[in-house]
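Here is the structure we will look at.
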Amino acid sequence: MTALLQLTGTVIMPDTHALVNDFLNKLKKRKIEGSKATAKLTAELLRSVISQQRLPNTNQAGALIHAIKAIGEQLTAANHVEVAVGNIVRRVLHIIREEDVSLTTASIGGLSLQGLSDDEEDNPLVSAAVAAAAARTTLRPPSLQTLLEDMPSHSAAAAALHHSSSSAGDSEDKTKSTDKNSRSRKLKHNVIETVNELIQDIATCHEQIAEQAVEHIHHNEVILTLGSSGTVIEFLCAAKEKKRSFRVFVAEGAPRYQGHTLAKELVARGLQTTVITDSAVFAMISRVNMVIVGAHAVMANGGVIAPVGLNMVALAAQRHSVPFVVLAGIHKLCPLYPHNPEVLLNELKSPSELLDFGELSDCMDFGIGTGSPLLHVVNPAFDYVPPKLVSLFITDTGGHNPSYMYRLIADYYSADDLVLQQRPTS
């Protein structure tokens with residue numbers, strides 16, 4: 001096996017190549033369940049890629065960004081519906097850019113301080129004059145006479161400059177390669193440390209969101225939810241642990257009936273739970289104090305991609321002025337808009353969840369001369385809830401209005417990374 005493998009023009013180590021292929025297969029075969037698990041595994045994979053990536057002597061950040069984009073393009077293509085993959089790739093790209101800017105700023109500052117330190121050692125006359133002028137400048141603007149008095153003689157300044165340039169020329173060649181290697185290691189180290197923090201934030205997002213439950217759920221309230229969300233379970237149970245007494249209405253979530261699983265979990269943890277049919281939501285919403293649901297993704301405009309049926313719930317909540325609250329970790333915040341071509345808003349599930357083909361085999365006969373079946377089954381997995389129907393987002397960083405999403409996107413993503421597809425080189 002060769003020492004290096006080529007991946008879309010990017011050199012990566014063989015072990016990383018195997019990790020990427022294994023993760024791609026899992027995404028394609030839908031073997032990873034849930035956005036949280038997908039986001040965490042994506043971040044861990046990218047951390048491995050960064051740690052094993054060989055960087056050139058120049059433009060290390062650019063090479064690292066190119067490598068992550070090349071892998072991110074493949075990961076997002078493997079499963080367009082799971083937008084958490086693209087979110088994490090873009091977060092890591094933003095981290096690389098931030099760390100590169102930080103190192104560049106520190107390097108410039110270090111050179112300035114080093115230059116001042118060398119002048120002080122080589123020529124006390126120059127350093128004393130500069131220090132005196134700087135001290136007076138902080139108090140009052142210096143006059144021309146003051147500046148002339150503080151300047152050293154021409155011969156002393158020339159001697160100092162000659163001594164400084166000769167000593168710098170001797171050491172420049174020796175330290176150039178060392179500085180480049182050191183900066184490369186420092187960049188990778190800082191990026192990996194920040195990615196580790198990102199992984200930790202993803203792992204603890206449920207707990208961070210659940211800590212805010214006591215601020216939103218009060219005694220004797222009725223909460224309505226739909227779908228099976230681990231974040232919602234932890235949020236409701238956290239409120240119960242704080243001695244809040246309330247009841248939960250759970251819509252069954254046909255045709256997959258995820259509400260049945262959610263209801264069993266809530267009852268097992270001691271919450272008063274009532275299961276209702278999806279069609280009964282509008283009839284029961286007048287008795288509800290708050291709707292609390294999870295989300296598959298939160299778009300840049302504040303819209304929500306959520307389990308099918310939630311748009312109906314949101315419309316009923318708006319009609320009866322019931323707050324519609326969405327729980328979502330920051331890893332579900334997508335910097336794209338619903339109309340972007342990179343966003344696949346829905347996924348069609350198997351018709352067998354709706355119909356038993358054995359009982360309805362007669363309906364599956366093909367029409368005479370048409371060549372198409374008489375019965376069609378459409379089973380979408382998700383709904384889109386527009387931002388005007390959302391009252392509040394509760395994330396691991398706190399509560400936010402839908403109109404605040406653009407501020408969070410500016411903090412976590414770079415505009416240069418919104419499109420992961422790299423332009424082909426001529």
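So you can find residues: chains in the structure tokens are A, B, ... in the order shown, residues in each start at 1, and ligands are numbered from 1 in order.
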(request) For Ala328 (chain A), please output as an MDAnalysis selection string all residues within 12 Å (counting only C-alpha atoms; exclusion window: fewer than 4 positions along the same chain). (result) chainID A and resid 35:36 84 202 205:210 229:232 235 292:299 302 304:306 332:334 392:400
(message) as a VMD selection string, please: the residues near Leu236 (chain A) (cut-off 10 Å, only C-alpha atoms, same-chain neighbours under 3 positions excluded).
(response) chain A and resid 210 213 to 214 217 223 231 to 233 239 to 241 244 246 to 248 266 269 271 292
(request) Enumerate as a VMD selection string all residues of region 165-413 of chain A assigned to strand (DSSP E or B) by DSSP on the backbone, naming them with the chain letters and numbers the document uses. (result) chain A and resid 221 to 226 246 to 251 272 to 276 290 to 293 297 to 298 304 to 307 324 to 327 333 348 366 373 380 382 to 385 392 to 395 398 to 400
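Among the candidate residues A:Pro341, A:Leu420, A:Asp356, A:Val326, the one lying nearest to Val390 (chain A) is A:Val326, with distances computed using only C-alpha atoms.
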(message) Ranking A:Ile68, A:Leu315, A:Leu344, A:Leu354 by minimum distance to Val83 (chain A) and counting only C-alpha atoms, which one comes first?
(response)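 So, comparing all the options, the nearest one is A:Leu344.
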(request) Do a neighbour search on region 272-289 of chain A at 12 Å with only C-alpha atoms, toss out local chain neighbours closer than 3 positions, and write the hits as a PyMOL selection string. (result) chain A and resi 216-227+236-237+240+244-269+292+308-325
(request) Go through region 322-420 of chain A and collect every residue that DSSP, computed from the backbone, puts in alpha helix (DSSP H); the answer should be as a PyMOL selection string. (result) chain A and resi 405-412
(message) With distances taken over only C-alpha atoms, which residue among A:Asn87, A:Ser403, A:Asn79, A:Thr204 lies nearest Ile32 (chain A)?
(response) A:Asn79
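Computed from the coordinates, the CA of Gln74 (chain A) to CA of Val191 (chain A) distance equals 21.5 Å.
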(request) Could you give me, as a count of residues only, the residues within 10 Å of region 50-52 of chain A, counting only C-alpha atoms and dropping anything in the same chain fewer than 6 positions from it? (result) 18
